[in-house]
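Visitor: Please find model-v6.txt (compact mmCIF, C-alpha atoms) on the next line:
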# COMPACT_ATOMS: atom_id res chain seq x y z
CA MET A 29 0.00 0.00 0.00
CA LEU A 30 2.79 2.45 0.86
CA ASP A 31 4.48 1.81 -2.49
CA GLU A 32 1.19 2.38 -4.32
CA ILE A 33 0.65 5.70 -2.52
CA ARG A 34 4.24 6.79 -3.18
CA ALA A 35 3.84 5.94 -6.87
CA ARG A 36 0.61 7.93 -7.11
CA ILE A 37 2.20 10.94 -5.39
CA GLU A 38 5.30 10.77 -7.58
CA ALA A 39 3.15 10.57 -10.73
CA GLU A 40 1.11 13.59 -9.66
CA ILE A 41 4.26 15.56 -8.77
CA GLU A 42 5.74 14.70 -12.18
CA ARG A 43 2.55 15.76 -14.00
CA LEU A 44 2.28 19.01 -12.03
CA THR A 45 5.99 19.81 -12.46
CA HIS A 46 5.59 19.43 -16.23
CA GLU A 47 2.59 21.74 -16.11
CA LEU A 48 4.49 24.26 -13.98
CA THR A 49 7.66 24.28 -16.09
CA VAL A 50 6.30 23.73 -19.60
CA VAL A 51 2.55 24.28 -20.00
CA LEU A 52 1.96 27.31 -17.78
CA PRO A 53 4.95 29.36 -18.99
CA LYS A 54 3.65 28.95 -22.57
CA ALA A 55 0.14 29.98 -21.48
CA ILE A 56 1.51 33.02 -19.63
CA LYS A 57 3.69 34.02 -22.61
CA THR A 58 0.73 33.72 -24.98
CA ALA A 59 -1.46 35.79 -22.64
CA VAL A 60 1.23 38.48 -22.31
CA GLU A 61 1.43 38.73 -26.09
CA HIS A 62 -2.26 39.65 -26.15
CA GLY A 63 -1.46 42.91 -24.40
CA ASP A 64 -3.15 44.77 -21.50
CA LEU A 65 -2.62 42.43 -18.56
CA ARG A 66 -5.07 44.30 -16.28
CA GLU A 67 -8.05 42.95 -18.21
CA ASN A 68 -6.53 39.73 -19.52
CA ALA A 69 -8.50 36.80 -18.07
CA ASP A 70 -6.16 34.21 -19.63
CA TYR A 71 -3.17 35.79 -17.89
CA LYS A 72 -4.93 35.97 -14.51
CA SER A 73 -6.17 32.40 -14.88
CA ALA A 74 -2.69 31.10 -15.73
CA LEU A 75 -1.16 32.91 -12.74
CA GLU A 76 -3.85 31.51 -10.41
CA ARG A 77 -3.25 28.01 -11.76
CA GLN A 78 0.49 28.48 -11.33
CA GLY A 79 -0.04 29.36 -7.65
CA PHE A 80 -2.32 26.35 -7.17
CA VAL A 81 0.14 23.98 -8.82
CA GLN A 82 3.03 25.27 -6.70
CA ALA A 83 0.96 24.82 -3.52
CA ARG A 84 -0.13 21.31 -4.51
CA ILE A 85 3.45 20.27 -5.27
CA GLY A 86 4.35 21.53 -1.78
CA GLN A 87 1.55 19.48 -0.21
CA LEU A 88 2.56 16.35 -2.10
CA THR A 89 6.22 16.79 -1.17
CA GLN A 90 5.17 17.11 2.47
CA ARG A 91 3.02 13.97 2.15
CA MET A 92 6.04 12.06 0.75
CA GLY A 93 8.00 13.14 3.82
CA GLU A 94 5.21 11.91 6.09
CA LEU A 95 5.07 8.56 4.28
CA SER A 96 8.80 8.06 4.74
CA LYS A 97 8.25 8.31 8.51
CA ILE A 98 5.71 5.46 8.58
CA ASP A 99 7.42 2.44 10.10
CA PRO A 100 5.31 -0.74 9.94
CA ASP A 101 7.72 -2.33 12.46
CA HIS A 102 6.32 0.01 15.12
CA MET A 103 2.64 -0.14 14.16
CA PRO A 104 0.25 -2.25 16.23
CA ILE A 105 -0.45 -5.53 14.50
CA ASP A 106 -3.79 -6.10 16.26
CA ARG A 107 -5.53 -2.71 15.96
CA VAL A 108 -7.04 -0.71 13.11
CA GLY A 109 -4.65 1.90 11.77
CA PHE A 110 -3.36 3.37 8.55
CA GLY A 111 -3.45 0.82 5.75
CA SER A 112 -5.68 -1.64 7.59
CA ARG A 113 -8.22 -3.65 5.66
CA VAL A 114 -11.28 -4.13 7.84
CA ARG A 115 -14.41 -6.23 7.39
CA VAL A 116 -17.15 -4.89 9.64
CA LEU A 117 -20.76 -5.64 10.39
CA ASN A 118 -23.02 -2.61 10.39
CA VAL A 119 -25.02 -3.88 13.37
CA SER A 120 -28.07 -1.65 12.87
CA MET A 121 -28.43 -2.54 9.18
CA GLU A 122 -27.12 -6.12 9.53
CA GLU A 123 -24.83 -5.59 6.53
CA GLU A 124 -21.17 -6.41 6.13
CA GLU A 125 -18.87 -3.80 4.67
CA ASN A 126 -15.20 -3.77 3.75
CA PHE A 127 -12.99 -0.74 4.30
CA THR A 128 -9.36 0.10 3.72
CA ILE A 129 -8.09 2.94 5.92
CA VAL A 130 -6.13 5.44 3.77
CA ALA A 131 -4.80 8.97 3.82
CA GLY A 132 -7.39 11.59 2.82
CA ASP A 133 -5.69 12.47 -0.46
CA PHE A 134 -6.19 8.97 -1.80
CA MET A 135 -9.68 8.09 -0.68
CA ASP A 136 -11.87 6.18 -3.14
CA LEU A 137 -15.28 5.42 -1.66
CA ASP A 138 -16.23 3.20 -4.60
CA ALA A 139 -13.25 0.99 -3.78
CA GLY A 140 -14.20 0.88 -0.09
CA GLN A 141 -11.45 3.25 0.99
CA VAL A 142 -12.10 5.61 3.88
CA SER A 143 -9.87 8.37 5.14
CA LEU A 144 -8.27 8.30 8.58
CA ALA A 145 -9.82 11.75 9.03
CA SER A 146 -13.38 10.65 8.15
CA PRO A 147 -15.89 9.77 10.88
CA ILE A 148 -15.67 6.06 10.00
CA GLY A 149 -11.87 6.14 9.87
CA ARG A 150 -11.61 7.95 13.22
CA GLY A 151 -14.23 5.67 14.76
CA LEU A 152 -12.49 2.47 13.70
CA LEU A 153 -8.99 3.70 14.57
CA GLY A 154 -7.55 1.55 17.35
CA ALA A 155 -10.38 -1.01 17.29
CA ARG A 156 -9.53 -4.71 17.55
CA GLU A 157 -11.07 -7.71 15.89
CA GLY A 158 -14.33 -8.58 17.69
CA GLU A 159 -14.83 -5.08 19.15
CA GLU A 160 -17.88 -2.94 18.56
CA VAL A 161 -17.58 0.78 18.01
CA VAL A 162 -20.25 3.46 17.86
CA ILE A 163 -19.61 6.07 15.20
CA ALA A 164 -21.45 9.37 14.88
CA LEU A 165 -22.24 9.90 11.20
CA PRO A 166 -24.19 12.75 9.58
CA VAL A 167 -27.15 10.33 9.24
CA GLY A 168 -26.96 9.39 12.94
CA GLU A 169 -25.05 6.96 15.10
CA ARG A 170 -24.02 3.61 13.66
CA ARG A 171 -22.63 0.59 15.50
CA PHE A 172 -19.97 -1.44 13.75
CA ARG A 173 -18.45 -4.76 14.85
CA VAL A 174 -14.97 -5.51 13.55
CA LEU A 175 -15.27 -8.99 12.06
CA GLU A 176 -11.88 -9.26 10.41
CA LEU A 177 -8.76 -7.14 10.54
CA TYR A 178 -5.74 -7.23 8.26
CA THR A 179 -3.33 -4.51 9.36
CA LEU A 180 -0.55 -2.96 7.30
CA PRO A 181 2.13 -4.81 9.29
CA MET A 182 0.28 -8.10 8.55
CA GLN A 183 0.14 -7.23 4.86
CA LEU A 184 3.88 -6.56 4.83
CA GLY A 185 4.74 -9.64 6.88
CA VAL A 186 6.03 -7.63 9.85
CA GLU A 187 6.04 -9.49 13.17
CA GLY A 188 4.34 -6.63 15.02
CA GLY A 189 5.11 -3.51 16.95
Could you express the structure from this file as structure tokens?
Guide:
Amino acid sequence: MLDEIRARIEAEIERLTHELTVVLPKAIKTAVEHGDLRENADYKSALERQGFVQARIGQLTQRMGELSKIDPDHMPIDRVGFGSRVRVLNVSMEEEENFTIVAGDFMDLDAGQVSLASPIGRGLLGAREGEEVVIALPVGERRFRVLELYTLPMQLGVEGG
């Protein structure tokens, strides 16, 4: 999972760097050639995009630094945490659901991924197999029982932290 996230971040950084160093300078040059920059929407738009791209590259670089600090050797092997795959029973609806706990930037609800920062992610964090947790959701409280837990250290074959 960590390698997949790193690859996605690196690909986005590469794409944004190309945009910042190749695409946007051309767009700005073309807009400048059109004259009067005070009323030039293309110029203003390109500058705004340039600022956004620079900020996003900064965020992604910071995220890469955070990922390098994740040490599966020191993560609990028996509790829900980052990277855990969890099969839960929604007790009130009597339905099983599968979640993978991910960083917010890479959440894909259709794939069953939930962010650590989401109500479900926060509610499941630290839970053990067999435990029930009550999670406050916008639609009301829900009770989930952790049926099966496959933590990141388990996935990587780490003995446990």
Visitor: For A:Leu153, please output as a PyMOL selection string all residues within 12 Å (counting only C-alpha atoms; exclusion window: fewer than 6 positions along the same chain).
Guide: chain A and resi 104+106-114+127-130+142-147+159-163+174+177+179
Visitor: Might you pull out every residue within 12 Å of A:Glu42, with only C-alpha atoms counted and same-chain residues fewer than 6 positions away left off, and present them as a PyMOL selection string?
Guide: chain A and resi 35-36+48-50+81+84-85+88-89
Visitor: Which residue, A:Met103, A:Leu65, A:Leu44, A:Ile98, has the smallest gap to A:Pro181 when you use only C-alpha atoms?
Guide: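 Of A:Met103, A:Leu65, A:Leu44, A:Ile98, the one nearest A:Pro181, counting only C-alpha atoms, is A:Met103.
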Visitor: Which residues are close to A:Leu117, i.e. within 7 Å by all atoms listed in the file, leaving aside same-chain residues fewer than 3 positions away? Reply as a short mmCIF file (atom, residue, chain, number, x, y, z; two decimals) with C-alpha atoms, in the frame of the given file.
Guide:
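selection.cif, written as the output of this step:
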data_model
loop_
_atom_site.label_atom_id
_atom_site.label_comp_id
_atom_site.auth_asym_id
_atom_site.auth_seq_id
_atom_site.Cartn_x
_atom_site.Cartn_y
_atom_site.Cartn_z
CA GLU A 122 -27.12 -6.12 9.53
CA GLU A 123 -24.83 -5.59 6.53
CA GLU A 124 -21.17 -6.41 6.13
CA GLU A 125 -18.87 -3.80 4.67
CA PHE A 172 -19.97 -1.44 13.75
CA ARG A 173 -18.45 -4.76 14.85
CA VAL A 174 -14.97 -5.51 13.55
CA LEU A 175 -15.27 -8.99 12.06
#
Visitor: Suppose you want the space between atom CA of A:Gly168 and atom CA of A:Val119; what is it in Å?
Guide: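 Separation of atom CA of A:Gly168 and atom CA of A:Val119: 13.4 Å.
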Visitor: Looking at A:Met92, A:Ala39, A:Ala59, A:Ile105, which one is nearest to A:Gly154, with distances taken over all atoms listed in the file?
Guide: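 Going through A:Met92, A:Ala39, A:Ala59, A:Ile105 one by one, the smallest distance to A:Gly154 is for A:Ile105.
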Visitor: Can you work out the spacing between atom CA of A:Leu165 and atom CA of A:Ile148 in Å, to one decimal?
Guide: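 According to the coordinates, atom CA of A:Leu165 and atom CA of A:Ile148 are separated by 7.7 Å.
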Visitor: Quote the spacing between atom CA of A:Arg77 and atom CA of A:His46 in Å to one decimal place.
Guide: 13.1 Å
Visitor: With a distance cut-off of 12 Å and only C-alpha atoms, select the neighbouring residues of A:Val60, excluding the residue or stretch itself and same-chain residues fewer than 4 positions from it, and output the selection as a list in words.
Guide: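 Skipping anything fewer than 4 positions along the chain leaves Pro53, Lys54, Ala55, Ile56, Asp64, Leu65, Arg66, Glu67, Asn68, Ala69, Asp70, Tyr71, Lys72, Ala74 and Leu75 of chain A.
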Visitor: With only C-alpha atoms as the basis for distance, which of A:Glu76, A:Glu61, A:Asp31, A:Asp136 is at the shortest distance from A:Leu180?
Guide: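 Answer, going by the shortest atom-to-atom distance: A:Asp31.
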Visitor: Is it possible to get the axis-aligned box enclosing stretch 168-174 of chain A (all listed atoms, 5 Å extra per side) as JSON, with centre and edge lengths in Å rounded to one decimal?
Guide:
{"center_x": -21.0, "center_y": 1.9, "center_z": 14.2, "size_x": 22.0, "size_y": 24.9, "size_z": 12.6}
